[in-house]
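What follows is a set of notes on a single structure, which appears directly below.
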Amino acid sequence: MLTNSEFISCIESFDAFGTKTRFEEFKWSAGSRSGRTLKAFNEYWTSAQRQGHSLQEISYRACFKPQLPGFFISRLANPGDAVYDPFMGRGTTPLEAFLRGCRPLGNDINPLSRALLEPRLTPPTLDSISERLDSIDLTKAKEKFPTLEVFFHSTTLQQIIALKEYLLKREQTGAIDQVDRWIRMVAINRLTGHSPGFFSVYSLPPNQAVSIEAQARINETRQQTPESKEIAPRILQRSKSLLKDWTGPDRNYQRLNLSATLTTQEAHAATGIPSGAAQLVVTSPPFLDVVDYQADNWMRCWFLDIDSSTINIARLKRVKDWQLMITSVLRDLRRVLRPGGYVAFEVGEIRNGTLLLEELVLPAGVEAGLIPVIVLVNVQEFTKTANTWGIDNQTGGTNTNRIVVFQKEQSA
């Protein structure tokens with residue numbers, strides 16, 4: 001693990017992708033306090049696709065690449081340290097921490113996040129997944145949801161509901177195990193998408209389930225109707241892909257406590273995460289009202305028997321309200337950090353690049369009692385996924401990762 005000064009020196013000399021770091025100075029004020037903090041511009045992790053561990057290949061709207069938390073974990077934490085994300089989404093940070101020998105701590109107000117992450121921290125074998133799928137009767141289903149037939153053939157929908165009801169019963173009776181949780185996680189990620197491996201007819205990418213009405217319009221435009229698909233072989237095939245890089249726990253870390261703590265609470269009051277537990281936080285909050293996580297995940301939540309509209313995910317329109325929310329989150333992060341620990345708080349540029357969120361986050365962190373270290377701006381090209389949504393540089397979406405790095409005082 002690097003010291004503060006060593007980390008700054010690392011940023012200054014970084015040239016892993018053939019470019020040198022460029023610096024600007026940002027003047028900030030927070031109440032009666034003011035200061036200057038460096039912004040460092042470079043490509044700190046690759047913009048190339050599919051460079052992470054196969055277990056990370058779970059789709060989720062507006063998630064960052066595993067290389068981002070990996071960059072900070074490799075420099076600001078040691079094996080055995082705890083790494084935390086209060087907005088864990090698909091679980092990129094806790095999973096990357098686990099793969100690098102750190103203890104994963106995670107929180108997200110949406111129970112979907114825990115369902116997506118937990119089984120990937122204790123992956124079952126492919127044989128056990130196959131055996132379990134063979135044992136489940138997918139021919140009988142009680143729930144009726146005929147309007148979903150704009151997405152699924154009636155026989156496919158019957159299988160999906162049968163699996164849903166099997167998993168809910170296993171959970172209610174306390175019989176659910178790591179194999180069930182894995183199958184549930186994979187099924188959630190195979191519900192809708194745009195290739196034959198998904199359960200649905202052609203739809204939008206799997207990180208955004210469109211409405212029933214919108215899917216009906218897609219079907220009409222494409223002149224398509226859902227075809228009958230078997231879900232079990234698709235779950236097994238996707239499991240094989242996800243487990244491709246997994247060979248079991250790393251022997252170098254077997255003596256370390258890598259047990260996870262995962263909670264489902266408000267990010268500003270995640271009391272289930274112990275005080276002074278984490279050496280490092282790597283996270284990214286909702287960017288005001290840019291992404292509607294409730295609408296995006298309505299079908300995934302339905303499969304979990306959750307009404308996504310009841311989940312209190314922040315979608316704040318006013319900049320001041322968002323900054324106040326971030327301040328309260330950063331206060332709780334200060335509580336969770338041990339003395340000398342770090343926060344890497346990733347945000348972006350929104351509203352056609354006119355609003356740089358790091359310039360709101362930095363004074364919020366000062367108000368919360370944290371010490372600014374540096375702002376890293378990872379300059380990158382848009383990914384294939386971003387281009388799917390019709391986003392071009394400086395015209396929409398997020399053009400750069402912008403990470404504000406804070407430290408908790410050593411004597412706290």
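Ordered as shown in the structure tokens, chains take letters A, B, and onward, while each chain numbers its residues from 1 and ligands are numbered from 1 in the order shown.
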Residues within 6 Å of range 78-91 of chain A, only C-alpha atoms, excluding chain neighbours under 5 positions, as a ChimeraX atom specification = /A:1,101-108,113,116-117,256,267,278-283
Would you return as an NGL selection string the members of range 125-298 of chain A that DSSP assigns to alpha helix (DSSP H) on this structure's backbone?
-> :A and (126-135 or 154-172 or 178-190 or 212-222 or 231-242 or 293-296 or 298)
Take the selection from the previous step and output its residues with C-alpha atoms, as a PDB file, in the first residue's frame.
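The result, stored in result.pdb:
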```
ATOM      1  CA  LEU A 126     -20.847 -25.916 -13.105  1.00  0.00           C
ATOM      2  CA  ASP A 127     -21.812 -29.535 -12.340  1.00  0.00           C
ATOM      3  CA  SER A 128     -23.811 -28.489  -9.274  1.00  0.00           C
ATOM      4  CA  ILE A 129     -25.618 -25.837 -11.317  1.00  0.00           C
ATOM      5  CA  SER A 130     -26.476 -28.372 -14.010  1.00  0.00           C
ATOM      6  CA  GLU A 131     -27.729 -30.922 -11.467  1.00  0.00           C
ATOM      7  CA  ARG A 132     -29.910 -28.343  -9.733  1.00  0.00           C
ATOM      8  CA  LEU A 133     -31.433 -27.114 -12.989  1.00  0.00           C
ATOM      9  CA  ASP A 134     -32.274 -30.717 -13.903  1.00  0.00           C
ATOM     10  CA  SER A 135     -34.080 -31.137 -10.576  1.00  0.00           C
ATOM     11  CA  SER A 154     -45.994 -18.236 -23.372  1.00  0.00           C
ATOM     12  CA  THR A 155     -44.045 -21.461 -22.755  1.00  0.00           C
ATOM     13  CA  THR A 156     -40.898 -19.497 -21.928  1.00  0.00           C
ATOM     14  CA  LEU A 157     -42.827 -17.236 -19.569  1.00  0.00           C
ATOM     15  CA  GLN A 158     -44.216 -20.300 -17.818  1.00  0.00           C
ATOM     16  CA  GLN A 159     -40.659 -21.548 -17.213  1.00  0.00           C
ATOM     17  CA  ILE A 160     -39.539 -18.140 -15.911  1.00  0.00           C
ATOM     18  CA  ILE A 161     -42.438 -17.938 -13.457  1.00  0.00           C
ATOM     19  CA  ALA A 162     -41.935 -21.556 -12.371  1.00  0.00           C
ATOM     20  CA  LEU A 163     -38.289 -20.783 -11.583  1.00  0.00           C
ATOM     21  CA  LYS A 164     -39.271 -17.605  -9.776  1.00  0.00           C
ATOM     22  CA  GLU A 165     -41.790 -19.472  -7.631  1.00  0.00           C
ATOM     23  CA  TYR A 166     -39.320 -22.278  -6.887  1.00  0.00           C
ATOM     24  CA  LEU A 167     -36.706 -19.775  -5.693  1.00  0.00           C
ATOM     25  CA  LEU A 168     -39.191 -17.800  -3.591  1.00  0.00           C
ATOM     26  CA  LYS A 169     -40.371 -20.998  -1.894  1.00  0.00           C
ATOM     27  CA  ARG A 170     -36.771 -22.040  -1.200  1.00  0.00           C
ATOM     28  CA  GLU A 171     -36.098 -18.642   0.333  1.00  0.00           C
ATOM     29  CA  GLN A 172     -39.278 -18.633   2.441  1.00  0.00           C
ATOM     30  CA  GLN A 178     -25.458 -20.933  -2.988  1.00  0.00           C
ATOM     31  CA  VAL A 179     -26.514 -22.923  -6.065  1.00  0.00           C
ATOM     32  CA  ASP A 180     -30.059 -21.502  -5.942  1.00  0.00           C
ATOM     33  CA  ARG A 181     -28.708 -17.988  -5.466  1.00  0.00           C
ATOM     34  CA  TRP A 182     -26.382 -18.431  -8.414  1.00  0.00           C
ATOM     35  CA  ILE A 183     -29.196 -19.670 -10.668  1.00  0.00           C
ATOM     36  CA  ARG A 184     -31.345 -16.723  -9.567  1.00  0.00           C
ATOM     37  CA  MET A 185     -28.548 -14.248 -10.316  1.00  0.00           C
ATOM     38  CA  VAL A 186     -27.967 -15.647 -13.802  1.00  0.00           C
ATOM     39  CA  ALA A 187     -31.693 -15.808 -14.582  1.00  0.00           C
ATOM     40  CA  ILE A 188     -32.064 -12.149 -13.598  1.00  0.00           C
ATOM     41  CA  ASN A 189     -29.384 -11.306 -16.153  1.00  0.00           C
ATOM     42  CA  ARG A 190     -30.889 -13.425 -18.923  1.00  0.00           C
ATOM     43  CA  ILE A 212     -44.399  -3.379 -21.731  1.00  0.00           C
ATOM     44  CA  GLU A 213     -45.752  -0.646 -24.011  1.00  0.00           C
ATOM     45  CA  ALA A 214     -42.295   0.169 -25.367  1.00  0.00           C
ATOM     46  CA  GLN A 215     -41.561  -3.477 -26.079  1.00  0.00           C
ATOM     47  CA  ALA A 216     -44.842  -3.781 -27.999  1.00  0.00           C
ATOM     48  CA  ARG A 217     -43.669  -0.887 -30.189  1.00  0.00           C
ATOM     49  CA  ILE A 218     -40.289  -2.561 -30.723  1.00  0.00           C
ATOM     50  CA  ASN A 219     -42.064  -5.756 -31.787  1.00  0.00           C
ATOM     51  CA  GLU A 220     -44.248  -3.837 -34.206  1.00  0.00           C
ATOM     52  CA  THR A 221     -41.329  -1.926 -35.695  1.00  0.00           C
ATOM     53  CA  ARG A 222     -39.233  -5.070 -36.117  1.00  0.00           C
ATOM     54  CA  ILE A 231     -34.305 -21.182 -20.086  1.00  0.00           C
ATOM     55  CA  ALA A 232     -32.266 -23.919 -18.342  1.00  0.00           C
ATOM     56  CA  PRO A 233     -29.636 -24.366 -21.094  1.00  0.00           C
ATOM     57  CA  ARG A 234     -29.296 -20.585 -21.356  1.00  0.00           C
ATOM     58  CA  ILE A 235     -28.671 -20.329 -17.611  1.00  0.00           C
ATOM     59  CA  LEU A 236     -26.086 -23.108 -17.838  1.00  0.00           C
ATOM     60  CA  GLN A 237     -24.332 -21.569 -20.845  1.00  0.00           C
ATOM     61  CA  ARG A 238     -24.129 -18.164 -19.177  1.00  0.00           C
ATOM     62  CA  SER A 239     -22.856 -19.787 -15.986  1.00  0.00           C
ATOM     63  CA  LYS A 240     -20.075 -21.432 -17.962  1.00  0.00           C
ATOM     64  CA  SER A 241     -19.067 -18.035 -19.338  1.00  0.00           C
ATOM     65  CA  LEU A 242     -19.120 -16.344 -15.915  1.00  0.00           C
ATOM     66  CA  TYR A 293     -32.751   2.879 -11.759  1.00  0.00           C
ATOM     67  CA  GLN A 294     -36.295   2.028 -10.675  1.00  0.00           C
ATOM     68  CA  ALA A 295     -37.618   1.882 -14.239  1.00  0.00           C
ATOM     69  CA  ASP A 296     -34.491   0.161 -15.569  1.00  0.00           C
ATOM     70  CA  TRP A 298     -38.530  -3.198 -12.826  1.00  0.00           C
TER      71      TRP A 298
END
```
May I have the residues within 10 Å of Leu360 in chain A as a list in words, using only C-alpha atoms and disregarding those fewer than 5 positions away in the same chain?
-> Trp28, Ser29, Ala30, Val319, Lys320, Trp322, Gln323, Leu324, Ile326, Thr327, Val347, Leu355 and Gly365 of chain A
Would you put the residues from that selection into a file with C-alpha atoms, as a PDB file, in the first residue's frame?
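Output saved as again16.pdb:
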```
ATOM      1  CA  TRP A  28     -12.737  25.228  -3.952  1.00  0.00           C
ATOM      2  CA  SER A  29     -14.635  26.687  -1.033  1.00  0.00           C
ATOM      3  CA  ALA A  30     -16.652  24.937   1.646  1.00  0.00           C
ATOM      4  CA  VAL A 319     -27.918  20.521  -7.612  1.00  0.00           C
ATOM      5  CA  LYS A 320     -28.015  21.824  -4.024  1.00  0.00           C
ATOM      6  CA  TRP A 322     -27.786  16.441  -4.523  1.00  0.00           C
ATOM      7  CA  GLN A 323     -24.761  18.060  -2.878  1.00  0.00           C
ATOM      8  CA  LEU A 324     -26.429  17.881   0.539  1.00  0.00           C
ATOM      9  CA  ILE A 326     -23.563  13.555  -1.010  1.00  0.00           C
ATOM     10  CA  THR A 327     -22.330  15.392   2.099  1.00  0.00           C
ATOM     11  CA  VAL A 347     -18.639  11.002 -10.544  1.00  0.00           C
ATOM     12  CA  LEU A 355     -21.634  20.416 -14.842  1.00  0.00           C
ATOM     13  CA  GLY A 365     -16.192  15.980   1.463  1.00  0.00           C
TER      14      GLY A 365
END
```
Atomic separation - CA of Ile403 in chain A relative to CA of Val361 in chain A, Å =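 Spanning CA of Val361 in chain A to CA of Ile403 in chain A is a straight-line distance of 9.4 Å.
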Which distance in Å separates CA of Gln208 in chain A and CA of Lys142 in chain A, to one decimal?
->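 Distance reported for this atom pair: 26.6 Å.
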Could you jot down the CA of Leu76 in chain A to CA of Gly341 in chain A separation for me, Å, one decimal place?
-> 8.2 Å
Taking into account only C-alpha atoms, which residue in the set A:Ser259, A:Gln410, A:Asn110, A:Thr147 is nearest to Leu370 in chain A?
->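 So, comparing all the options, the nearest one is A:Gln410.
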Which of A:Arg22, A:Thr354, A:Ile313, A:Arg75 sits closest to Asn4 in chain A [using only C-alpha atoms] =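 Among the listed residues, A:Arg75 lies closest to Asn4 in chain A.
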Of the candidates A:Gln254, A:Thr122, A:Thr37, A:Ser308, which one gets nearest to Ile371 in chain A if we count only C-alpha atoms?
->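 Using only C-alpha atoms, Ile371 in chain A sits closest to A:Thr37.
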